[in-house]
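Dumped final34.cif below, it's mmCIF, C-alpha atoms and all ligand atoms; chains and numbers go by the auth columns:
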data_my_file
#
loop_
_atom_site.group_PDB
_atom_site.id
_atom_site.type_symbol
_atom_site.label_atom_id
_atom_site.label_comp_id
_atom_site.label_asym_id
_atom_site.label_seq_id
_atom_site.Cartn_x
_atom_site.Cartn_y
_atom_site.Cartn_z
_atom_site.B_iso_or_equiv
_atom_site.auth_seq_id
_atom_site.auth_asym_id
ATOM 1 C CA MET A 1 127.338 121.780 -51.568 0.00 287 A
ATOM 2 C CA ALA A 2 124.786 122.805 -48.941 0.00 288 A
ATOM 3 C CA ASP A 3 123.042 119.985 -47.057 0.00 289 A
ATOM 4 C CA SER A 4 121.182 119.847 -43.772 0.00 290 A
ATOM 5 C CA ALA A 5 124.486 119.999 -41.868 0.00 291 A
ATOM 6 C CA THR A 6 125.823 122.946 -43.869 0.00 292 A
ATOM 7 C CA PRO A 7 123.909 126.224 -43.536 0.00 293 A
ATOM 8 C CA ALA A 8 123.260 127.879 -46.894 0.00 294 A
ATOM 9 C CA ALA A 9 125.506 130.844 -47.684 0.00 295 A
ATOM 10 C CA THR A 10 124.213 134.227 -46.566 0.00 296 A
ATOM 11 C CA THR A 11 123.068 136.449 -49.413 0.00 297 A
ATOM 12 C CA VAL A 12 122.306 140.153 -49.141 0.00 298 A
ATOM 13 C CA LEU A 13 120.669 142.320 -51.795 0.00 299 A
ATOM 14 C CA LEU A 14 122.256 145.752 -52.247 0.00 300 A
ATOM 15 C CA LEU A 15 119.472 147.792 -53.829 0.00 301 A
ATOM 16 C CA ASN A 16 119.744 151.379 -55.007 0.00 302 A
ATOM 17 C CA GLY A 17 116.876 153.574 -56.126 0.00 303 A
ATOM 18 C CA PRO A 18 116.391 156.455 -58.557 0.00 304 A
ATOM 19 C CA ASN A 19 119.257 158.643 -59.728 0.00 305 A
ATOM 20 C CA LEU A 20 121.851 156.673 -57.783 0.00 306 A
ATOM 21 C CA ASN A 21 123.145 155.337 -61.117 0.00 307 A
ATOM 22 C CA LEU A 22 124.452 158.901 -61.590 0.00 308 A
ATOM 23 C CA LEU A 23 126.719 158.813 -58.540 0.00 309 A
ATOM 24 C CA GLY A 24 130.176 160.115 -59.379 0.00 310 A
ATOM 25 C CA THR A 25 128.873 163.109 -61.309 0.00 311 A
ATOM 26 C CA ARG A 26 125.612 163.873 -59.475 0.00 312 A
ATOM 27 C CA ASP A 27 125.963 166.693 -56.927 0.00 313 A
ATOM 28 C CA PRO A 28 129.424 165.681 -55.645 0.00 314 A
ATOM 29 C CA GLY A 29 129.034 168.174 -52.758 0.00 315 A
ATOM 30 C CA GLN A 30 126.286 165.937 -51.337 0.00 316 A
ATOM 31 C CA TYR A 31 127.226 162.508 -52.649 0.00 317 A
ATOM 32 C CA GLY A 32 130.996 162.578 -53.270 0.00 318 A
ATOM 33 C CA THR A 33 132.727 161.325 -56.388 0.00 319 A
ATOM 34 C CA GLU A 34 132.506 157.547 -56.009 0.00 320 A
ATOM 35 C CA THR A 35 130.414 155.891 -58.686 0.00 321 A
ATOM 36 C CA LEU A 36 127.750 153.297 -57.970 0.00 322 A
ATOM 37 C CA ALA A 37 130.114 150.668 -59.430 0.00 323 A
ATOM 38 C CA ASP A 38 132.780 151.778 -56.885 0.00 324 A
ATOM 39 C CA ILE A 39 130.268 151.435 -54.044 0.00 325 A
ATOM 40 C CA GLU A 40 129.073 148.028 -55.258 0.00 326 A
ATOM 41 C CA ARG A 41 132.707 146.865 -55.466 0.00 327 A
ATOM 42 C CA ARG A 42 133.356 148.138 -51.947 0.00 328 A
ATOM 43 C CA VAL A 43 130.299 146.350 -50.498 0.00 329 A
ATOM 44 C CA ARG A 44 130.956 143.127 -52.441 0.00 330 A
ATOM 45 C CA SER A 45 134.531 143.128 -51.224 0.00 331 A
ATOM 46 C CA LEU A 46 133.464 143.609 -47.575 0.00 332 A
ATOM 47 C CA GLY A 47 130.934 140.825 -48.151 0.00 333 A
ATOM 48 C CA ALA A 48 133.683 138.526 -49.450 0.00 334 A
ATOM 49 C CA GLU A 49 135.762 139.318 -46.343 0.00 335 A
ATOM 50 C CA LEU A 50 132.781 138.458 -44.126 0.00 336 A
ATOM 51 C CA GLY A 51 131.757 135.387 -46.142 0.00 337 A
ATOM 52 C CA VAL A 52 128.577 136.942 -47.516 0.00 338 A
ATOM 53 C CA ALA A 53 127.400 137.052 -51.119 0.00 339 A
ATOM 54 C CA VAL A 54 126.194 140.505 -52.181 0.00 340 A
ATOM 55 C CA GLU A 55 123.838 140.831 -55.161 0.00 341 A
ATOM 56 C CA CYS A 56 123.577 144.334 -56.585 0.00 342 A
ATOM 57 C CA ALA A 57 120.659 146.012 -58.342 0.00 343 A
ATOM 58 C CA GLN A 58 119.608 149.560 -59.159 0.00 344 A
ATOM 59 C CA SER A 59 116.425 150.919 -60.676 0.00 345 A
ATOM 60 C CA ASN A 60 114.874 154.283 -61.389 0.00 346 A
ATOM 61 C CA HIS A 61 111.384 152.710 -61.334 0.00 347 A
ATOM 62 C CA GLU A 62 109.241 152.250 -58.255 0.00 348 A
ATOM 63 C CA GLY A 63 107.590 149.007 -59.433 0.00 349 A
ATOM 64 C CA GLU A 64 110.938 147.432 -60.283 0.00 350 A
ATOM 65 C CA LEU A 65 112.266 148.291 -56.823 0.00 351 A
ATOM 66 C CA VAL A 66 109.157 146.698 -55.303 0.00 352 A
ATOM 67 C CA GLU A 67 109.835 143.553 -57.349 0.00 353 A
ATOM 68 C CA HIS A 68 113.476 143.475 -56.237 0.00 354 A
ATOM 69 C CA VAL A 69 112.306 143.637 -52.626 0.00 355 A
ATOM 70 C CA HIS A 70 109.901 140.727 -53.306 0.00 356 A
ATOM 71 C CA ARG A 71 112.785 138.758 -54.848 0.00 357 A
ATOM 72 C CA ALA A 72 114.726 139.289 -51.633 0.00 358 A
ATOM 73 C CA ARG A 73 112.273 136.909 -49.891 0.00 359 A
ATOM 74 C CA GLU A 74 114.742 134.254 -51.090 0.00 360 A
ATOM 75 C CA MET A 75 117.671 136.133 -49.533 0.00 361 A
ATOM 76 C CA ASP A 76 118.783 136.883 -45.991 0.00 362 A
ATOM 77 C CA GLY A 77 118.928 140.671 -45.925 0.00 363 A
ATOM 78 C CA ILE A 78 118.588 143.895 -47.866 0.00 364 A
ATOM 79 C CA VAL A 79 120.687 147.061 -47.864 0.00 365 A
ATOM 80 C CA LEU A 80 118.501 149.697 -49.488 0.00 366 A
ATOM 81 C CA ASN A 81 119.090 153.254 -50.548 0.00 367 A
ATOM 82 C CA PRO A 82 115.576 154.160 -51.726 0.00 368 A
ATOM 83 C CA GLY A 83 116.727 157.591 -52.967 0.00 369 A
ATOM 84 C CA ALA A 84 113.825 160.028 -53.127 0.00 370 A
ATOM 85 C CA PHE A 85 111.311 157.156 -52.838 0.00 371 A
ATOM 86 C CA ALA A 86 112.180 157.061 -49.124 0.00 372 A
ATOM 87 C CA HIS A 87 110.269 160.292 -48.767 0.00 373 A
ATOM 88 C CA TYR A 88 106.965 159.235 -50.325 0.00 374 A
ATOM 89 C CA SER A 89 106.733 155.682 -51.730 0.00 375 A
ATOM 90 C CA ILE A 90 104.097 153.842 -49.730 0.00 376 A
ATOM 91 C CA ALA A 91 104.386 150.983 -52.259 0.00 377 A
ATOM 92 C CA LEU A 92 108.069 150.494 -51.404 0.00 378 A
ATOM 93 C CA ARG A 93 107.303 150.819 -47.692 0.00 379 A
ATOM 94 C CA ASP A 94 104.601 148.142 -47.973 0.00 380 A
ATOM 95 C CA ALA A 95 106.953 145.833 -49.916 0.00 381 A
ATOM 96 C CA ILE A 96 109.603 146.054 -47.179 0.00 382 A
ATOM 97 C CA ASP A 97 106.923 145.439 -44.581 0.00 383 A
ATOM 98 C CA ALA A 98 105.494 142.471 -46.520 0.00 384 A
ATOM 99 C CA VAL A 99 108.713 140.474 -46.809 0.00 385 A
ATOM 100 C CA ASP A 100 110.266 138.752 -43.846 0.00 386 A
ATOM 101 C CA THR A 101 113.781 139.850 -44.823 0.00 387 A
ATOM 102 C CA PRO A 102 115.504 142.481 -42.663 0.00 388 A
ATOM 103 C CA CYS A 103 116.217 145.688 -44.552 0.00 389 A
ATOM 104 C CA VAL A 104 118.669 148.385 -43.478 0.00 390 A
ATOM 105 C CA GLU A 105 118.033 151.771 -45.085 0.00 391 A
ATOM 106 C CA VAL A 106 121.009 153.905 -46.026 0.00 392 A
ATOM 107 C CA HIS A 107 121.383 157.457 -47.299 0.00 393 A
ATOM 108 C CA ILE A 108 124.729 158.822 -48.405 0.00 394 A
ATOM 109 C CA SER A 109 123.966 162.413 -47.434 0.00 395 A
ATOM 110 C CA ASN A 110 122.780 163.726 -44.089 0.00 396 A
ATOM 111 C CA VAL A 111 119.163 164.146 -45.127 0.00 397 A
ATOM 112 C CA TYR A 112 118.410 165.970 -41.839 0.00 398 A
ATOM 113 C CA ALA A 113 120.814 168.765 -42.791 0.00 399 A
ATOM 114 C CA ARG A 114 118.981 169.251 -46.099 0.00 400 A
ATOM 115 C CA GLU A 115 115.535 170.394 -47.307 0.00 401 A
ATOM 116 C CA PRO A 116 112.623 169.639 -44.940 0.00 402 A
ATOM 117 C CA PHE A 117 110.997 167.243 -47.461 0.00 403 A
ATOM 118 C CA ARG A 118 114.007 164.935 -46.978 0.00 404 A
ATOM 119 C CA HIS A 119 113.456 164.760 -43.208 0.00 405 A
ATOM 120 C CA THR A 120 110.617 162.284 -43.600 0.00 406 A
ATOM 121 C CA SER A 121 111.205 158.666 -44.507 0.00 407 A
ATOM 122 C CA VAL A 122 108.109 156.524 -44.998 0.00 408 A
ATOM 123 C CA THR A 123 110.327 153.457 -45.392 0.00 409 A
ATOM 124 C CA ALA A 124 112.413 153.893 -42.211 0.00 410 A
ATOM 125 C CA PRO A 125 109.657 152.782 -39.796 0.00 411 A
ATOM 126 C CA VAL A 126 109.598 149.323 -41.411 0.00 412 A
ATOM 127 C CA ALA A 127 113.386 149.066 -41.778 0.00 413 A
ATOM 128 C CA ALA A 128 115.555 147.046 -39.408 0.00 414 A
ATOM 129 C CA GLY A 129 117.990 149.964 -39.184 0.00 415 A
ATOM 130 C CA TYR A 130 118.724 153.386 -40.625 0.00 416 A
ATOM 131 C CA ILE A 131 122.033 155.049 -41.525 0.00 417 A
ATOM 132 C CA ALA A 132 122.439 158.527 -43.021 0.00 418 A
ATOM 133 C CA GLY A 133 125.163 161.085 -43.540 0.00 419 A
ATOM 134 C CA CYS A 134 128.187 158.752 -43.503 0.00 420 A
ATOM 135 C CA GLY A 135 128.907 159.041 -47.230 0.00 421 A
ATOM 136 C CA PRO A 136 129.548 155.855 -49.234 0.00 422 A
ATOM 137 C CA PHE A 137 131.022 154.295 -46.065 0.00 423 A
ATOM 138 C CA GLY A 138 127.407 154.136 -44.842 0.00 424 A
ATOM 139 C CA TYR A 139 126.846 151.183 -47.204 0.00 425 A
ATOM 140 C CA GLU A 140 129.556 149.200 -45.392 0.00 426 A
ATOM 141 C CA LEU A 141 127.984 150.087 -42.048 0.00 427 A
ATOM 142 C CA ALA A 142 124.609 149.018 -43.423 0.00 428 A
ATOM 143 C CA LEU A 143 125.995 145.655 -44.568 0.00 429 A
ATOM 144 C CA ARG A 144 127.458 145.043 -41.103 0.00 430 A
ATOM 145 C CA ALA A 145 124.177 146.162 -39.496 0.00 431 A
ATOM 146 C CA VAL A 146 121.998 143.878 -41.613 0.00 432 A
ATOM 147 C CA LEU A 147 124.340 140.947 -40.896 0.00 433 A
ATOM 148 C CA SER A 148 123.977 141.557 -37.196 0.00 434 A
ATOM 149 C CA ARG A 149 120.149 141.566 -37.604 0.00 435 A
ATOM 150 C CA ILE A 150 120.361 138.292 -39.575 0.00 436 A
ATOM 151 C CA GLU A 151 122.492 136.770 -36.815 0.00 437 A
ATOM 152 C CA GLU A 152 120.047 137.929 -34.107 0.00 438 A
ATOM 153 C CA ARG A 153 117.157 136.304 -35.965 0.00 439 A
ATOM 154 C CA ARG A 154 119.068 133.045 -36.430 0.00 440 A
ATOM 155 C CA THR A 155 119.901 132.976 -32.722 0.00 441 A
ATOM 156 C CA ALA A 156 116.297 133.758 -31.763 0.00 442 A
ATOM 157 C CA ARG A 157 114.985 131.011 -34.085 0.00 443 A
ATOM 158 C CA GLY A 158 117.555 128.510 -32.766 0.00 444 A
HETATM 159 C C1 LIG B . 119.668 160.034 -50.897 0.00 501 B
HETATM 160 C C2 LIG B . 118.900 161.182 -50.244 0.00 501 B
HETATM 161 C C3 LIG B . 117.592 161.431 -50.960 0.00 501 B
HETATM 162 O O1 LIG B . 116.916 162.543 -50.365 0.00 501 B
HETATM 163 C C4 LIG B . 117.820 161.768 -52.412 0.00 501 B
HETATM 164 O O2 LIG B . 116.582 161.921 -53.085 0.00 501 B
HETATM 165 C C5 LIG B . 118.665 160.744 -53.087 0.00 501 B
HETATM 166 C C6 LIG B . 119.870 160.274 -52.384 0.00 501 B
HETATM 167 C C7 LIG B . 121.065 159.838 -50.253 0.00 501 B
HETATM 168 O O3 LIG B . 121.648 158.775 -50.482 0.00 501 B
HETATM 169 O O4 LIG B . 121.565 160.719 -49.556 0.00 501 B
HETATM 170 O O5 LIG B . 118.444 160.373 -54.225 0.00 501 B
HETATM 171 O O6 LIG B . 118.946 158.832 -50.718 0.00 501 B
#
Rewrite the coordinates I just gave you, this time as structure tokens.
Ligand code: DQA
Amino acid sequence: MADSATPAATTVLLLNGPNLNLLGTRDPGQYGTETLADIERRVRSLGAELGVAVECAQSNHEGELVEHVHRAREMDGIVLNPGAFAHYSIALRDAIDAVDTPCVEVHISNVYAREPFRHTSVTAPVAAGYIAGCGPFGYELALRAVLSRIEERRTARG
């Protein structure tokens, strides 16, 4: 049980936005054939190796994603694939900015090799890191990146 001598366990929210529930069958040329459940398993299992609890959520609705980000105020970090909302959701951008929880943004595909409208991310400027084009492996990189941000903050706060 956690007490003042035992730091609480680290918890990271793995949050996926619209259409990412269709991974596995959606445009495999861009996103591969792993399902969202496969990716969540992969990230949870890396978390278990690193001693970190990973909570997973996905929504196709902007407001629900905003609420998940608010909920992450009680957590240590966020790994977020905002899907298309990265390109235009000011509400999601403001939510990330409003919470004091580091958020690493991840995109499975290389958005910069795709249509020009995918080259802009309104959420990236308020993210603690940004990973794109590494396929599903990018989620593992993002988990490691957010953990390093969490560690930096803990060190800075003493
Ligand atoms: C994506 C890239 C977005 O442009 C797209 O709308 C998605 C998936 C990716 O993971 O590569 O839904 O976020």
Contacts between segment 294-301 of chain A and segment 317-427 of chain A, please, where a residue of segment 317-427 of chain A counts if it comes within 8 Å (with all atoms listed in the file); show its shortest atom pair and distance in Å to one decimal, rows by chain and ascending number, as CSV.
residue,atom,partner,partner_atom,distance
A:Glu326,CA,A:Leu300,CA,7.8
A:Gly337,CA,A:Thr296,CA,7.6
A:Val338,CA,A:Thr296,CA,5.2
A:Ala339,CA,A:Thr297,CA,4.7
A:Val340,CA,A:Val298,CA,4.9
A:Glu341,CA,A:Leu299,CA,4.9
A:Cys342,CA,A:Leu300,CA,4.8
A:Ala343,CA,A:Leu301,CA,5.0
A:Gln344,CA,A:Leu301,CA,5.6
A:Leu351,CA,A:Leu301,CA,7.8
A:His354,CA,A:Leu301,CA,7.8
A:Ala358,CA,A:Leu299,CA,6.7
A:Met361,CA,A:Thr297,CA,5.4
A:Asp362,CA,A:Thr297,CA,5.5
A:Gly363,CA,A:Val298,CA,4.7
A:Ile364,CA,A:Leu299,CA,4.7
A:Val365,CA,A:Leu300,CA,4.8
A:Leu366,CA,A:Leu301,CA,4.8
A:Asn367,CA,A:Leu301,CA,6.4
A:Pro368,CA,A:Leu301,CA,7.8
Legend entry - Explicit residue set for the PyMOL selection byres (((not hetatm)) within 8 of (chain B and resi 501)), as number ranges by chain: A: 303-306, 316-317, 367-373, 392-397, 404, 418-419, 421
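The interatomic distance for the pair atom CA of Phe423 of chain A and atom CA of Ile436 of chain A works out to 20.3 Å.
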Legend entry - Selection as a ChimeraX atom specification: residues within 10 Å of (110.8, 148.1, -39.3), counting all atoms listed in the file: /A:379,382-383,388-391,409-416
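Atom pair atom CA of Ala377 of chain A / atom CA of Glu437 of chain A has a distance of 27.7 Å (rounded to one decimal).
With distances taken over all atoms listed in the file, A:Leu308 is the one residue among A:Gly333, A:Leu308, A:Tyr398, A:Ala431 lying closest to Asn346 of chain A.
Of the residues under consideration (A:Thr387, A:Ser434, A:Asn302, A:Thr321), A:Thr387 shows the shortest atom-to-atom contact distance to Arg357 of chain A when counting all atoms listed in the file.
Taking all atoms listed in the file into account, Ile325 of chain A lies nearest to A:Pro422 out of the set A:Arg440, A:Arg430, A:Pro422, A:Leu378.
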Legend entry - Residue among A:Val408, A:Arg327, A:Arg400, A:Asp386 lying closest to Tyr425 of chain A, counting only C-alpha atoms: A:Arg327
Find the residues around Glu335 of chain A up to 12 Å (only C-alpha atoms counted), leave out those fewer than 6 positions away in its own chain, and share them as a tab-separated table (two decimals) with C-alpha atoms, in the frame of the given file.
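Produced file out-v5.tsv, reproduced below:
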chain	number	residue	atom	x	y	z
A	328	ARG	CA	133.36	148.14	-51.95
A	329	VAL	CA	130.30	146.35	-50.50
A	426	GLU	CA	129.56	149.20	-45.39
A	429	LEU	CA	126.00	145.66	-44.57
A	430	ARG	CA	127.46	145.04	-41.10
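Here atom CA of Val352 of chain A and atom CA of Ala334 of chain A stand 26.5 Å from one another.
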